[in-house]
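*Asks:* Enclosed is the structure file my_file_14.csv (CSV, C-alpha atoms).
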```csv
chain,number,residue,atom,x,y,z
A,1,MET,CA,15.0,-72.6,-87.5
A,2,LEU,CA,15.2,-70.1,-90.2
A,3,ASP,CA,17.4,-70.9,-93.3
A,4,LEU,CA,20.1,-68.3,-93.3
A,5,PRO,CA,21.8,-68.6,-96.7
A,6,HIS,CA,23.4,-65.2,-96.7
A,7,GLY,CA,27.2,-65.1,-96.5
A,8,TYR,CA,29.3,-62.1,-95.8
A,9,ASP,CA,28.8,-59.2,-98.1
A,10,PRO,CA,30.8,-55.9,-97.7
A,11,LEU,CA,27.6,-54.1,-98.5
A,12,TYR,CA,26.3,-55.0,-95.1
A,13,SER,CA,29.1,-53.0,-93.4
A,14,VAL,CA,28.6,-50.2,-95.9
A,15,SER,CA,24.9,-50.1,-95.1
A,16,GLY,CA,25.8,-50.2,-91.4
A,17,LEU,CA,28.0,-47.2,-91.9
A,18,ALA,CA,25.3,-45.3,-93.8
A,19,VAL,CA,22.6,-46.1,-91.2
A,20,GLY,CA,25.0,-45.2,-88.3
A,21,ILE,CA,25.7,-41.8,-89.9
A,22,LEU,CA,21.9,-41.1,-90.2
A,23,VAL,CA,21.4,-42.2,-86.6
A,24,GLY,CA,24.1,-39.8,-85.4
A,25,LEU,CA,22.7,-37.0,-87.5
A,26,THR,CA,19.0,-37.4,-86.6
A,27,GLY,CA,18.9,-39.4,-83.4
A,28,VAL,CA,16.2,-41.6,-85.0
A,29,GLY,CA,16.6,-45.2,-83.9
A,30,GLY,CA,18.5,-47.6,-86.2
A,31,GLY,CA,15.6,-50.0,-86.3
A,32,SER,CA,13.6,-47.5,-88.4
A,33,LEU,CA,16.3,-47.5,-91.0
A,34,MET,CA,18.2,-50.8,-90.8
A,35,THR,CA,15.3,-53.3,-90.5
A,36,PRO,CA,13.4,-52.2,-93.7
A,37,LEU,CA,16.8,-52.0,-95.5
A,38,LEU,CA,17.6,-55.6,-94.6
A,39,ILE,CA,14.1,-56.8,-95.8
A,40,LEU,CA,13.7,-54.7,-99.0
A,41,ALA,CA,17.3,-54.3,-100.2
A,42,PHE,CA,18.9,-57.6,-99.1
A,43,GLY,CA,16.0,-59.9,-99.1
A,44,PHE,CA,16.2,-61.1,-95.5
A,45,HIS,CA,13.2,-62.8,-93.9
A,46,PRO,CA,11.4,-60.1,-91.8
A,47,ALA,CA,12.0,-62.2,-88.6
A,48,THR,CA,15.8,-62.4,-89.3
A,49,ALA,CA,15.9,-58.7,-90.0
A,50,VAL,CA,14.1,-57.8,-86.8
A,51,GLY,CA,15.9,-60.3,-84.6
A,52,THR,CA,19.4,-59.3,-85.8
A,53,ASP,CA,18.6,-55.6,-85.6
A,54,LEU,CA,17.4,-56.0,-82.0
A,55,LEU,CA,20.8,-57.4,-80.8
A,56,TYR,CA,22.5,-54.7,-82.9
A,57,ALA,CA,20.5,-52.1,-81.0
A,58,ALA,CA,21.3,-53.6,-77.7
A,59,VAL,CA,25.0,-53.3,-78.4
A,60,THR,CA,25.0,-49.8,-79.9
A,61,LYS,CA,22.6,-48.3,-77.2
A,62,SER,CA,24.7,-49.8,-74.4
A,63,GLY,CA,27.4,-47.3,-75.3
A,64,GLY,CA,24.9,-44.5,-75.3
A,65,THR,CA,23.6,-45.6,-71.9
A,66,VAL,CA,27.1,-45.5,-70.4
A,67,MET,CA,27.6,-42.0,-71.8
A,68,HIS,CA,24.3,-40.7,-70.5
A,69,GLY,CA,24.8,-42.4,-67.2
A,70,MET,CA,28.1,-40.7,-66.7
A,71,ARG,CA,26.4,-37.4,-67.3
A,72,HIS,CA,23.5,-38.2,-64.9
A,73,ASN,CA,21.0,-38.0,-67.7
A,74,ILE,CA,19.0,-41.1,-66.8
A,75,ASP,CA,16.0,-41.3,-64.5
A,76,TRP,CA,16.2,-44.9,-63.4
A,77,ARG,CA,12.7,-44.7,-61.8
A,78,ILE,CA,11.1,-44.1,-65.2
A,79,THR,CA,13.4,-46.7,-66.8
A,80,GLY,CA,12.0,-49.2,-64.3
A,81,ARG,CA,8.4,-48.2,-65.0
A,82,LEU,CA,8.9,-48.7,-68.7
A,83,ALA,CA,10.6,-52.0,-68.2
A,84,ALA,CA,7.7,-53.2,-66.0
A,85,GLY,CA,5.5,-52.9,-69.0
A,86,SER,CA,7.8,-53.7,-71.8
A,87,VAL,CA,9.4,-56.9,-70.5
A,88,PRO,CA,6.1,-58.8,-70.0
A,89,ALA,CA,4.8,-57.5,-73.3
A,90,THR,CA,8.0,-58.7,-75.0
A,91,ILE,CA,7.6,-62.2,-73.5
A,92,VAL,CA,4.0,-62.4,-74.7
A,93,THR,CA,4.9,-61.2,-78.2
A,94,MET,CA,7.7,-63.7,-78.5
A,95,ALA,CA,5.5,-66.5,-77.3
A,96,THR,CA,2.9,-65.4,-80.0
A,97,LEU,CA,5.6,-65.5,-82.7
A,98,TYR,CA,6.6,-68.9,-81.6
A,99,ALA,CA,3.0,-70.1,-81.7
A,100,LEU,CA,2.6,-68.7,-85.2
A,101,ASP,CA,6.0,-70.2,-86.3
A,102,VAL,CA,8.4,-67.4,-86.8
A,103,THR,CA,9.7,-69.0,-90.0
A,104,GLY,CA,6.2,-69.1,-91.6
A,105,LYS,CA,4.4,-66.8,-93.9
A,106,ILE,CA,1.9,-65.6,-91.3
A,107,ALA,CA,4.6,-64.4,-88.9
A,108,GLY,CA,6.5,-62.8,-91.8
A,109,SER,CA,3.4,-60.9,-92.9
A,110,LEU,CA,2.6,-59.9,-89.3
A,111,ILE,CA,6.1,-58.5,-88.8
A,112,SER,CA,6.0,-56.6,-92.1
A,113,LEU,CA,2.6,-55.2,-91.2
A,114,ALA,CA,3.7,-54.1,-87.7
A,115,LEU,CA,6.9,-52.6,-89.2
A,116,GLY,CA,5.0,-50.6,-91.8
A,117,VAL,CA,2.7,-49.2,-89.2
A,118,ALA,CA,5.5,-48.4,-86.8
A,119,LEU,CA,7.4,-46.6,-89.6
A,120,LEU,CA,4.4,-44.5,-90.6
A,121,LEU,CA,3.9,-43.6,-86.9
A,122,THR,CA,7.5,-42.7,-86.6
A,123,ALA,CA,7.3,-40.5,-89.7
A,124,LEU,CA,4.3,-38.6,-88.3
A,125,ILE,CA,6.0,-38.0,-85.0
A,126,ILE,CA,9.1,-36.7,-86.6
A,127,LEU,CA,7.1,-34.3,-88.7
A,128,PHE,CA,4.6,-33.1,-86.0
A,129,ARG,CA,6.3,-33.6,-82.6
A,130,ARG,CA,6.8,-29.9,-82.0
A,131,HIS,CA,3.2,-29.2,-82.8
A,132,LEU,CA,2.1,-32.0,-80.5
A,133,LEU,CA,4.3,-30.8,-77.6
A,134,HIS,CA,3.1,-27.2,-78.2
A,135,TRP,CA,-0.5,-28.3,-78.1
A,136,VAL,CA,0.0,-30.1,-74.7
A,137,GLU,CA,1.9,-27.1,-73.3
A,138,ASN,CA,-1.1,-24.9,-73.9
A,139,ARG,CA,-3.3,-27.3,-71.9
A,140,PRO,CA,-2.1,-27.1,-68.2
A,141,SER,CA,-4.5,-29.9,-67.2
A,142,MET,CA,-2.6,-32.3,-69.5
A,143,ARG,CA,0.9,-31.4,-68.3
A,144,GLY,CA,0.8,-32.8,-64.8
A,145,GLU,CA,2.3,-36.1,-63.8
A,146,ARG,CA,-1.0,-37.5,-62.5
A,147,ASN,CA,-1.3,-41.1,-63.5
A,148,ALA,CA,2.2,-40.9,-64.9
A,149,VAL,CA,3.3,-44.2,-63.3
A,150,GLY,CA,0.4,-46.2,-64.9
A,151,ASN,CA,0.7,-44.4,-68.2
A,152,THR,CA,4.5,-45.1,-68.3
A,153,ILE,CA,4.0,-48.8,-67.7
A,154,LEU,CA,1.3,-48.8,-70.4
A,155,LEU,CA,3.8,-47.0,-72.8
A,156,GLY,CA,6.4,-49.6,-71.9
A,157,ALA,CA,4.0,-52.4,-72.8
A,158,ILE,CA,3.2,-50.7,-76.2
A,159,LEU,CA,6.9,-50.3,-76.9
A,160,GLY,CA,7.6,-53.8,-75.9
A,161,PHE,CA,5.1,-55.1,-78.5
A,162,LEU,CA,6.2,-52.8,-81.2
A,163,VAL,CA,9.9,-53.3,-80.7
A,164,SER,CA,9.7,-57.0,-80.4
A,165,ILE,CA,7.8,-57.5,-83.6
A,166,SER,CA,9.3,-54.7,-85.7
A,167,SER,CA,12.5,-53.4,-83.8
A,168,VAL,CA,11.0,-49.9,-84.2
A,169,GLY,CA,9.5,-47.7,-81.5
A,170,ALA,CA,12.0,-47.1,-78.8
A,171,GLY,CA,13.4,-44.0,-80.4
A,172,ALA,CA,11.2,-41.2,-81.7
A,173,ILE,CA,8.0,-42.7,-80.4
A,174,GLY,CA,9.3,-43.4,-76.9
A,175,VAL,CA,10.9,-40.0,-76.5
A,176,THR,CA,7.9,-38.1,-77.7
A,177,PHE,CA,5.5,-39.8,-75.3
A,178,LEU,CA,7.9,-39.5,-72.4
A,179,LEU,CA,8.1,-35.8,-73.1
A,180,LEU,CA,4.3,-35.6,-72.9
A,181,LEU,CA,4.2,-37.6,-69.6
A,182,TYR,CA,7.1,-35.8,-67.9
A,183,PRO,CA,7.0,-32.2,-69.3
A,184,THR,CA,9.2,-30.9,-66.4
A,185,LEU,CA,12.0,-33.3,-67.1
A,186,PRO,CA,14.9,-31.9,-69.2
A,187,THR,CA,15.0,-33.3,-72.7
A,188,ALA,CA,18.5,-34.7,-72.3
A,189,ARG,CA,17.3,-36.7,-69.3
A,190,ILE,CA,14.3,-38.0,-71.3
A,191,VAL,CA,16.5,-39.1,-74.2
A,192,GLY,CA,19.0,-40.8,-71.8
A,193,THR,CA,16.1,-42.6,-70.0
A,194,ASP,CA,14.7,-43.8,-73.3
A,195,ILE,CA,18.1,-45.1,-74.4
A,196,ALA,CA,18.7,-46.8,-71.1
A,197,HIS,CA,15.3,-48.6,-71.3
A,198,ALA,CA,16.0,-49.6,-74.9
A,199,VAL,CA,18.9,-51.8,-73.9
A,200,PRO,CA,17.1,-54.4,-71.7
A,201,LEU,CA,14.1,-54.2,-74.1
A,202,ALA,CA,16.2,-54.9,-77.2
A,203,LEU,CA,18.3,-57.5,-75.4
A,204,VAL,CA,15.3,-59.5,-74.1
A,205,ALA,CA,13.5,-59.3,-77.5
A,206,GLY,CA,16.8,-60.1,-79.3
A,207,LEU,CA,17.5,-63.1,-77.2
A,208,GLY,CA,13.9,-64.3,-77.8
A,209,HIS,CA,14.5,-64.1,-81.5
A,210,TRP,CA,17.8,-65.9,-81.1
A,211,MET,CA,16.0,-68.7,-79.3
A,212,LEU,CA,13.6,-68.9,-82.2
A,213,GLY,CA,16.5,-69.1,-84.6
A,214,SER,CA,15.9,-65.7,-86.2
A,215,VAL,CA,19.3,-64.0,-85.6
A,216,ASP,CA,22.1,-63.9,-88.2
A,217,TRP,CA,25.3,-63.5,-86.2
A,218,LEU,CA,27.5,-62.9,-89.3
A,219,LEU,CA,25.2,-60.1,-90.4
A,220,LEU,CA,25.2,-58.7,-86.9
A,221,GLY,CA,29.0,-58.4,-86.8
A,222,SER,CA,29.0,-56.9,-90.3
A,223,LEU,CA,26.5,-54.2,-89.4
A,224,LEU,CA,28.4,-53.3,-86.2
A,225,LEU,CA,31.6,-53.0,-88.1
A,226,GLY,CA,30.2,-50.2,-90.2
A,227,SER,CA,27.7,-48.6,-87.8
A,228,LEU,CA,29.8,-47.9,-84.8
A,229,PRO,CA,32.2,-45.5,-86.7
A,230,GLY,CA,29.1,-44.2,-88.6
A,231,ILE,CA,27.4,-43.1,-85.5
A,232,ALA,CA,30.5,-41.2,-84.4
A,233,ILE,CA,30.8,-39.5,-87.9
A,234,GLY,CA,27.1,-38.6,-87.9
A,235,SER,CA,27.2,-37.1,-84.4
A,236,ALA,CA,30.1,-34.9,-85.5
A,237,MET,CA,28.3,-33.8,-88.7
A,238,ALA,CA,25.0,-33.1,-86.9
A,239,VAL,CA,25.9,-29.5,-86.1
A,240,ARG,CA,26.5,-28.7,-89.8
A,241,ILE,CA,23.2,-29.8,-91.3
A,242,PRO,CA,20.0,-27.9,-90.5
A,243,ASP,CA,17.5,-30.0,-88.5
A,244,HIS,CA,14.5,-28.5,-90.3
A,245,VAL,CA,15.9,-29.8,-93.7
A,246,LEU,CA,17.0,-33.2,-92.7
A,247,ARG,CA,14.0,-34.4,-90.6
A,248,PRO,CA,11.3,-33.8,-93.2
A,249,VAL,CA,13.3,-35.7,-95.8
A,250,LEU,CA,13.8,-38.5,-93.4
A,251,ALA,CA,10.2,-38.6,-92.4
A,252,ILE,CA,9.0,-38.8,-96.0
A,253,ALA,CA,11.5,-41.6,-96.7
A,254,LEU,CA,10.3,-43.6,-93.7
A,255,ALA,CA,6.6,-43.0,-94.7
A,256,ALA,CA,7.3,-44.2,-98.2
A,257,VAL,CA,9.1,-47.4,-96.9
A,258,GLY,CA,6.3,-48.0,-94.4
A,259,MET,CA,3.7,-47.8,-97.2
A,260,LYS,CA,5.7,-50.2,-99.4
A,261,LEU,CA,5.9,-52.7,-96.5
A,262,LEU,CA,2.1,-52.5,-95.9
A,263,LEU,CA,1.5,-53.1,-99.6
A,264,MET,CA,3.8,-56.2,-99.8
```
Once you've parsed the file, please lay out its structure as C-alpha cells.
*Replies:*
Amino acid sequence: MLDLPHGYDPLYSVSGLAVGILVGLTGVGGGSLMTPLLILAFGFHPATAVGTDLLYAAVTKSGGTVMHGMRHNIDWRITGRLAAGSVPATIVTMATLYALDVTGKIAGSLISLALGVALLLTALIILFRRHLLHWVENRPSMRGERNAVGNTILLGAILGFLVSISSVGAGAIGVTFLLLLYPTLPTARIVGTDIAHAVPLALVAGLGHWMLGSVDWLLLGSLLLGSLPGIAIGSAMAVRIPDHVLRPVLAIALAAVGMKLLLM
C-alpha cells in the first residue's frame, strides 16, 4: 500500500477549479493537466496521481457521456470496439504494475516516463492535428473505413496502456485517431464516442489502482469539488477566447511539462 500522508489542502480544490476551466476551454483531457500538477507541484507519488486522476476522470466524463447520449452523439459500435482493445490492455498493464510493485521506484519511474511521452504526443497532436487531418483528406486511399474495426481495437489497446499508466491519452490522442479512422462521422459524434469510451476505461483502470492502494480518496473529493464548477465556467468562456491563441500556449506548456518529467 502507498503511504498517503497528504491531508486536505484547499489548494487541491483551487487546482481542480483551474484545471476544470482549462478542460472546459480547450476540451483537452484533465489527465494531461491534473496528473503532472499533482506530481510536480504537490509531490504525490506518480502512481497516486494517476490512480486518483483516473477515478476523477470516470466521474467527470460520466456527465459528458450522459449529455452526448441525450443528443445522440455516441456511436456505441465504435465505443465497443475501443473497449474490446482497451479493457484487456488495461488489465495487463495493471498486472504489470502489480508485479513491479506500484509503490516502488521502478514503477514510479515507468509511470513518469509514460506520462512524459504521452504529454509530448498530446502537445504535438494539439499543434498539428489540422495538418494531419488535411494530409489524410488529400489521400482518398487512406480515408476509407477498410480495416477500421481491427484498427479501432488496436487504438483501444494503445489507449488502454497509455491511460492506465499515465491517465493521459483518451482525449486529444483518441479523438484525432478516431477522426482519421472514421472521416465520414461528424466531429461531435467522434467526441461523444471518445468520451463514452473513456468512462469504462478510466473506471477499470482506476479500480485497478485502488486495488493496488494508489488512490487518495480525500484528494479525489477535493479535486471534484473544484473541477465540476470549473468545467462549467470554462465551457461558458470558450466562445470568448480564440482557439488559435489558446491551443498553442497549452501545447507548449504540455511539452515543457512532458520534458521535465522525462528528465526527472
*Asks:* Counting only C-alpha atoms, which of A:Met34, A:Ala198, A:Ala205, A:Ile125 gets nearest to Pro88 of chain A?
*Replies:*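 Of A:Met34, A:Ala198, A:Ala205, A:Ile125, the one nearest Pro88 of chain A is A:Ala205, counting only C-alpha atoms.
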*Asks:* Just checking: using all atoms listed in the file, which residue out of A:His68, A:Pro36, A:Gly160, A:Lys105 ends up closest to Leu203 of chain A?
*Replies:*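 Of all the options, A:Gly160 lies closest to Leu203 of chain A.
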*Asks:* Closest to His244 of chain A among A:His197, A:Arg130, A:His209, A:Lys260, using only C-alpha atoms?
*Replies:* A:Arg130
*Asks:* Pick from A:Leu155, A:Leu262, A:Ala253, A:Val215: nearest to Val50 of chain A, with all atoms listed in the file counted?
*Replies:*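 Using all atoms listed in the file, Val50 of chain A sits closest to A:Val215.
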*Asks:* Between A:Ala196, A:Met237, A:Leu25, A:Val191, which is the closest to Val66 of chain A once you count only C-alpha atoms?
*Replies:*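 Among the listed residues, the smallest separation from Val66 of chain A belongs to A:Ala196.
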*Asks:* Dump as a ChimeraX atom specification all residues having an atom at most 9 Å from (23.4, -46.6, -94.8), computed in the file's coordinates with all atoms listed in the file.
*Replies:* /A:12-22,33-34,37,226-227,230
*Asks:* Considering only C-alpha atoms, return as a VMD selection string whatever protein or nucleic-acid residues lie within 9 Å of Trp217 of chain A, sequence-local ones (same chain, fewer than 4 positions apart) excluded.
*Replies:* chain A and resid 52 221 to 222
*Asks:* Here is a test: counting all atoms listed in the file, which residue of A:Gly206, A:Val245, A:Ala251, A:Gly258 is nearest to Leu220 of chain A?
*Replies:*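 The shortest atom-to-atom distance to Leu220 of chain A comes from A:Gly206.
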*Asks:* Record the distance separating atom CA of Asn151 of chain A and atom CA of Ile195 of chain A, expressed in Å with one decimal.
*Replies:*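 Atom-to-atom, atom CA of Asn151 of chain A to atom CA of Ile195 of chain A, that is 18.5 Å.
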*Asks:* What does the structure give for the distance between atom CA of Gly104 of chain A and atom CA of Phe44 of chain A, in Å to one decimal?
*Replies:* 13.4 Å
*Asks:* Separation of atom CA of Leu115 of chain A and atom CA of Ser32 of chain A, in Å?
*Replies:*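 Separation between atom CA of Leu115 of chain A and atom CA of Ser32 of chain A: 8.5 Å.
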